[in-house]
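*Asks:* Data file structure-v4.tsv (TSV, N, CA and C atoms) is appended below.
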chain	number	residue	atom	x	y	z
A	1431	MET	N	3.21	43.92	-125.41
A	1431	MET	CA	2.43	42.79	-124.95
A	1431	MET	C	1.26	43.30	-124.10
A	1432	LYS	N	0.08	42.87	-124.44
A	1432	LYS	CA	-1.13	43.32	-123.76
A	1432	LYS	C	-1.54	42.30	-122.70
A	1433	LEU	N	-1.88	42.76	-121.50
A	1433	LEU	CA	-2.34	41.87	-120.44
A	1433	LEU	C	-3.84	41.70	-120.53
A	1434	ASN	N	-4.30	40.48	-120.36
A	1434	ASN	CA	-5.74	40.25	-120.28
A	1434	ASN	C	-6.11	39.95	-118.83
A	1435	ASP	N	-7.37	39.66	-118.57
A	1435	ASP	CA	-7.84	39.43	-117.21
A	1435	ASP	C	-7.13	38.25	-116.55
A	1436	ASP	N	-6.83	37.19	-117.31
A	1436	ASP	CA	-6.16	36.02	-116.74
A	1436	ASP	C	-4.75	36.37	-116.27
A	1437	ASP	N	-4.03	37.23	-117.01
A	1437	ASP	CA	-2.68	37.61	-116.63
A	1437	ASP	C	-2.67	38.38	-115.32
A	1438	ALA	N	-3.68	39.18	-115.09
A	1438	ALA	CA	-3.75	39.98	-113.87
A	1438	ALA	C	-3.93	39.11	-112.64
A	1439	LYS	N	-4.41	37.88	-112.80
A	1439	LYS	CA	-4.68	36.99	-111.67
A	1439	LYS	C	-3.51	36.05	-111.38
A	1440	LEU	N	-2.44	36.11	-112.15
A	1440	LEU	CA	-1.31	35.23	-111.92
A	1440	LEU	C	-0.67	35.55	-110.58
A	1441	PRO	N	-0.21	34.51	-109.87
A	1441	PRO	CA	0.47	34.77	-108.60
A	1441	PRO	C	1.84	35.40	-108.86
A	1442	PRO	N	2.44	36.00	-107.82
A	1442	PRO	CA	3.77	36.56	-108.00
A	1442	PRO	C	4.77	35.45	-108.32
A	1443	PRO	N	5.87	35.78	-109.00
A	1443	PRO	CA	6.86	34.75	-109.32
A	1443	PRO	C	7.44	34.11	-108.06
A	1444	LEU	N	7.73	32.83	-108.16
A	1444	LEU	CA	8.34	32.11	-107.04
A	1444	LEU	C	9.81	32.49	-106.93
A	1445	LEU	N	10.33	32.40	-105.72
A	1445	LEU	CA	11.72	32.76	-105.44
A	1445	LEU	C	12.55	31.49	-105.30
A	1446	ASP	N	13.81	31.55	-105.75
A	1446	ASP	CA	14.72	30.44	-105.47
A	1446	ASP	C	15.51	30.78	-104.20
A	1447	ILE	N	16.39	29.87	-103.79
A	1447	ILE	CA	17.13	30.05	-102.54
A	1447	ILE	C	17.95	31.34	-102.56
A	1448	THR	N	18.65	31.57	-103.67
A	1448	THR	CA	19.51	32.76	-103.76
A	1448	THR	C	18.69	34.05	-103.69
A	1449	ALA	N	17.58	34.10	-104.41
A	1449	ALA	CA	16.74	35.30	-104.41
A	1449	ALA	C	16.15	35.55	-103.02
A	1450	LEU	N	15.71	34.50	-102.35
A	1450	LEU	CA	15.15	34.68	-101.02
A	1450	LEU	C	16.22	35.13	-100.03
A	1451	ALA	N	17.41	34.56	-100.13
A	1451	ALA	CA	18.50	34.96	-99.25
A	1451	ALA	C	18.82	36.43	-99.43
A	1452	GLU	N	18.87	36.90	-100.67
A	1452	GLU	CA	19.13	38.32	-100.93
A	1452	GLU	C	18.01	39.18	-100.36
A	1453	LEU	N	16.77	38.75	-100.55
A	1453	LEU	CA	15.63	39.51	-100.06
A	1453	LEU	C	15.66	39.65	-98.54
A	1454	LEU	N	16.05	38.56	-97.85
A	1454	LEU	CA	16.07	38.57	-96.38
A	1454	LEU	C	17.38	39.07	-95.81
A	1455	GLY	N	18.38	39.25	-96.65
A	1455	GLY	CA	19.67	39.74	-96.17
A	1455	GLY	C	20.46	38.69	-95.40
A	1456	VAL	N	20.33	37.43	-95.81
A	1456	VAL	CA	21.08	36.35	-95.17
A	1456	VAL	C	21.82	35.57	-96.25
A	1457	GLN	N	22.67	34.66	-95.81
A	1457	GLN	CA	23.40	33.81	-96.74
A	1457	GLN	C	22.50	32.68	-97.24
A	1458	PRO	N	22.69	32.21	-98.48
A	1458	PRO	CA	21.91	31.06	-98.97
A	1458	PRO	C	22.02	29.84	-98.06
A	1459	ARG	N	23.17	29.69	-97.41
A	1459	ARG	CA	23.36	28.57	-96.49
A	1459	ARG	C	22.31	28.58	-95.37
A	1460	HIS	N	21.98	29.77	-94.88
A	1460	HIS	CA	20.97	29.89	-93.83
A	1460	HIS	C	19.60	29.43	-94.33
A	1461	ILE	N	19.25	29.80	-95.55
A	1461	ILE	CA	17.97	29.38	-96.13
A	1461	ILE	C	17.96	27.86	-96.28
A	1462	ARG	N	19.05	27.29	-96.76
A	1462	ARG	CA	19.13	25.83	-96.91
A	1462	ARG	C	18.95	25.12	-95.57
A	1463	ARG	N	19.52	25.70	-94.51
A	1463	ARG	CA	19.35	25.10	-93.19
A	1463	ARG	C	17.90	25.17	-92.74
A	1464	LEU	N	17.23	26.32	-92.96
A	1464	LEU	CA	15.81	26.44	-92.62
A	1464	LEU	C	14.98	25.40	-93.37
A	1465	VAL	N	15.32	25.16	-94.65
A	1465	VAL	CA	14.61	24.16	-95.45
A	1465	VAL	C	14.85	22.77	-94.85
A	1466	ALA	N	16.11	22.44	-94.56
A	1466	ALA	CA	16.45	21.12	-94.03
A	1466	ALA	C	15.76	20.86	-92.70
A	1467	GLU	N	15.60	21.91	-91.89
A	1467	GLU	CA	14.94	21.78	-90.59
A	1467	GLU	C	13.43	21.93	-90.69
A	1468	ARG	N	12.93	22.12	-91.91
A	1468	ARG	CA	11.49	22.29	-92.17
A	1468	ARG	C	10.89	23.43	-91.36
A	1469	ARG	N	11.63	24.54	-91.28
A	1469	ARG	CA	11.18	25.70	-90.52
A	1469	ARG	C	10.66	26.81	-91.40
A	1470	ILE	N	10.64	26.62	-92.72
A	1470	ILE	CA	10.22	27.65	-93.66
A	1470	ILE	C	9.31	27.00	-94.70
A	1471	PRO	N	8.24	27.69	-95.12
A	1471	PRO	CA	7.34	27.09	-96.11
A	1471	PRO	C	8.03	27.03	-97.49
A	1472	ILE	N	7.98	25.86	-98.12
A	1472	ILE	CA	8.61	25.67	-99.43
A	1472	ILE	C	7.63	25.07	-100.41
A	1473	ILE	N	7.98	25.16	-101.68
A	1473	ILE	CA	7.28	24.45	-102.75
A	1473	ILE	C	8.33	23.57	-103.39
A	1474	LYS	N	8.14	22.27	-103.34
A	1474	LYS	CA	9.09	21.34	-103.96
A	1474	LYS	C	8.51	20.92	-105.29
A	1475	TRP	N	9.24	21.21	-106.35
A	1475	TRP	CA	8.80	20.94	-107.72
A	1475	TRP	C	9.87	20.09	-108.36
A	1476	GLY	N	9.69	18.77	-108.28
A	1476	GLY	CA	10.75	17.86	-108.71
A	1476	GLY	C	11.93	18.03	-107.79
A	1477	GLN	N	13.09	18.34	-108.36
A	1477	GLN	CA	14.29	18.58	-107.55
A	1477	GLN	C	14.43	20.05	-107.14
A	1478	LEU	N	13.56	20.90	-107.66
A	1478	LEU	CA	13.65	22.34	-107.39
A	1478	LEU	C	12.94	22.71	-106.10
A	1479	ILE	N	13.51	23.64	-105.39
A	1479	ILE	CA	12.87	24.20	-104.20
A	1479	ILE	C	12.60	25.66	-104.50
A	1480	ARG	N	11.35	26.06	-104.32
A	1480	ARG	CA	10.95	27.43	-104.56
A	1480	ARG	C	10.14	27.93	-103.37
A	1481	PHE	N	10.02	29.25	-103.29
A	1481	PHE	CA	9.33	29.88	-102.18
A	1481	PHE	C	8.29	30.84	-102.73
A	1482	ASP	N	7.09	30.79	-102.17
A	1482	ASP	CA	6.01	31.70	-102.54
A	1482	ASP	C	6.18	32.98	-101.72
A	1483	PRO	N	6.37	34.12	-102.38
A	1483	PRO	CA	6.58	35.36	-101.62
A	1483	PRO	C	5.46	35.70	-100.64
A	1484	VAL	N	4.23	35.33	-100.99
A	1484	VAL	CA	3.10	35.60	-100.09
A	1484	VAL	C	3.23	34.75	-98.82
A	1485	GLU	N	3.57	33.47	-98.98
A	1485	GLU	CA	3.75	32.59	-97.81
A	1485	GLU	C	4.94	33.04	-96.97
A	1486	ILE	N	6.00	33.49	-97.63
A	1486	ILE	CA	7.18	33.95	-96.89
A	1486	ILE	C	6.82	35.19	-96.07
A	1487	ARG	N	6.06	36.10	-96.65
A	1487	ARG	CA	5.64	37.31	-95.91
A	1487	ARG	C	4.83	36.90	-94.68
A	1488	GLU	N	3.91	35.95	-94.82
A	1488	GLU	CA	3.09	35.49	-93.69
A	1488	GLU	C	3.97	34.81	-92.65
A	1489	TRP	N	4.95	34.03	-93.10
A	1489	TRP	CA	5.87	33.34	-92.20
A	1489	TRP	C	6.67	34.36	-91.38
A	1490	ILE	N	7.14	35.41	-92.03
A	1490	ILE	CA	7.88	36.45	-91.33
A	1490	ILE	C	6.97	37.16	-90.33
A	1491	ASP	N	5.74	37.44	-90.71
A	1491	ASP	CA	4.80	38.13	-89.82
A	1491	ASP	C	4.55	37.36	-88.53
A	1492	ARG	N	4.64	36.02	-88.58
A	1492	ARG	CA	4.43	35.22	-87.36
A	1492	ARG	C	5.53	35.47	-86.34
A	1493	TYR	N	6.67	35.97	-86.75
A	1493	TYR	CA	7.79	36.24	-85.86
A	1493	TYR	C	7.83	37.68	-85.36
A	1494	ARG	N	6.90	38.50	-85.79
A	1494	ARG	CA	6.88	39.90	-85.35
A	1494	ARG	C	6.52	39.99	-83.86
A	1495	ARG	N	7.15	40.92	-83.21
A	1495	ARG	CA	6.83	41.20	-81.81
A	1495	ARG	C	6.37	42.65	-81.73
A	1496	PRO	N	5.25	42.89	-81.03
A	1496	PRO	CA	4.78	44.29	-80.92
A	1496	PRO	C	5.74	45.09	-80.05
A	1497	PRO	N	5.78	46.41	-80.28
A	1497	PRO	CA	6.63	47.24	-79.42
A	1497	PRO	C	6.11	47.24	-77.99
A	1498	GLY	N	6.97	47.49	-77.08
A	1498	GLY	CA	6.56	47.50	-75.68
A	1498	GLY	C	7.62	46.84	-74.83
A	1499	ARG	N	7.17	45.95	-73.97
A	1499	ARG	CA	8.10	45.26	-73.08
A	1499	ARG	C	9.09	44.42	-73.87
A	1500	PRO	N	10.33	44.32	-73.40
A	1500	PRO	CA	11.28	43.42	-74.06
A	1500	PRO	C	10.83	41.97	-73.95
A	1501	ALA	N	11.13	41.19	-74.96
A	1501	ALA	CA	10.70	39.78	-74.98
A	1501	ALA	C	11.55	38.92	-74.08
Once more with this new file: its structure as structure tokens, please.
*Replies:*
Amino acid sequence: MKLNDDDAKLPPPLLDITALAELLGVQPRHIRRLVAERRIPIIKWGQLIRFDPVEIREWIDRYRRPPGRPA
């Protein structure tokens, strides 16, 4: 299969709850709770909930603390 210019511009595949939980090293239940509390960026597509890996990376970066003094 040959890729053309349009294929190169496609966004990364969306993640489901299970895939995101595995990626973050947490239980799917934790991801569901974050969704219910509206604390994580989601894409709602009908009844499906998906996560954009780029948005998730940015969301995680907001929680980073620089090294130095304890928080």
*Asks:* One decimal, in Å: what's the spacing between atom C of A:Ile1472 and atom N of A:Tyr1493?
*Replies:* 17.5 Å
*Asks:* DSSP on the backbone, helix (DSSP H, G or I) only: what residues of stretch 1443-1482 of chain A does that give? Format it as a ChimeraX atom specification.
*Replies:* /A:1447-1454,1458-1466
*Asks:* Could you check which of A:Gly1476, A:Pro1471, A:Pro1483, A:Gly1455 is closest to A:Pro1443, using only C-alpha atoms?
*Replies:*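 Smallest distance to A:Pro1443 is found for A:Pro1483.
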*Asks:* Taking into account only N, CA and C atoms, which residue in the set A:Ile1473, A:Ile1479, A:Trp1489, A:Ile1447 is nearest to A:Ile1461?
*Replies:*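 Closest to A:Ile1461, using only N, CA and C atoms: A:Ile1447.
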*Asks:* Pick out the closest residue to A:Asp1482 from this set: A:Pro1458, A:Ala1449, A:Leu1444, A:Arg1494. Count all atoms listed in the file.
*Replies:*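 Residue with the minimum atom-to-atom distance to A:Asp1482: A:Leu1444.
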*Asks:* Please compute the atom CA of A:Lys1474-atom CA of A:Leu1445 distance, one decimal, in Å.
*Replies:*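 These two atoms are separated by 11.8 Å.
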*Asks:* What does the distance from atom CA of A:Arg1480 to atom CA of A:Arg1462 come to in Å, to one decimal?
*Replies:*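 Result for atom CA of A:Arg1480 versus atom CA of A:Arg1462: 11.3 Å, one decimal.
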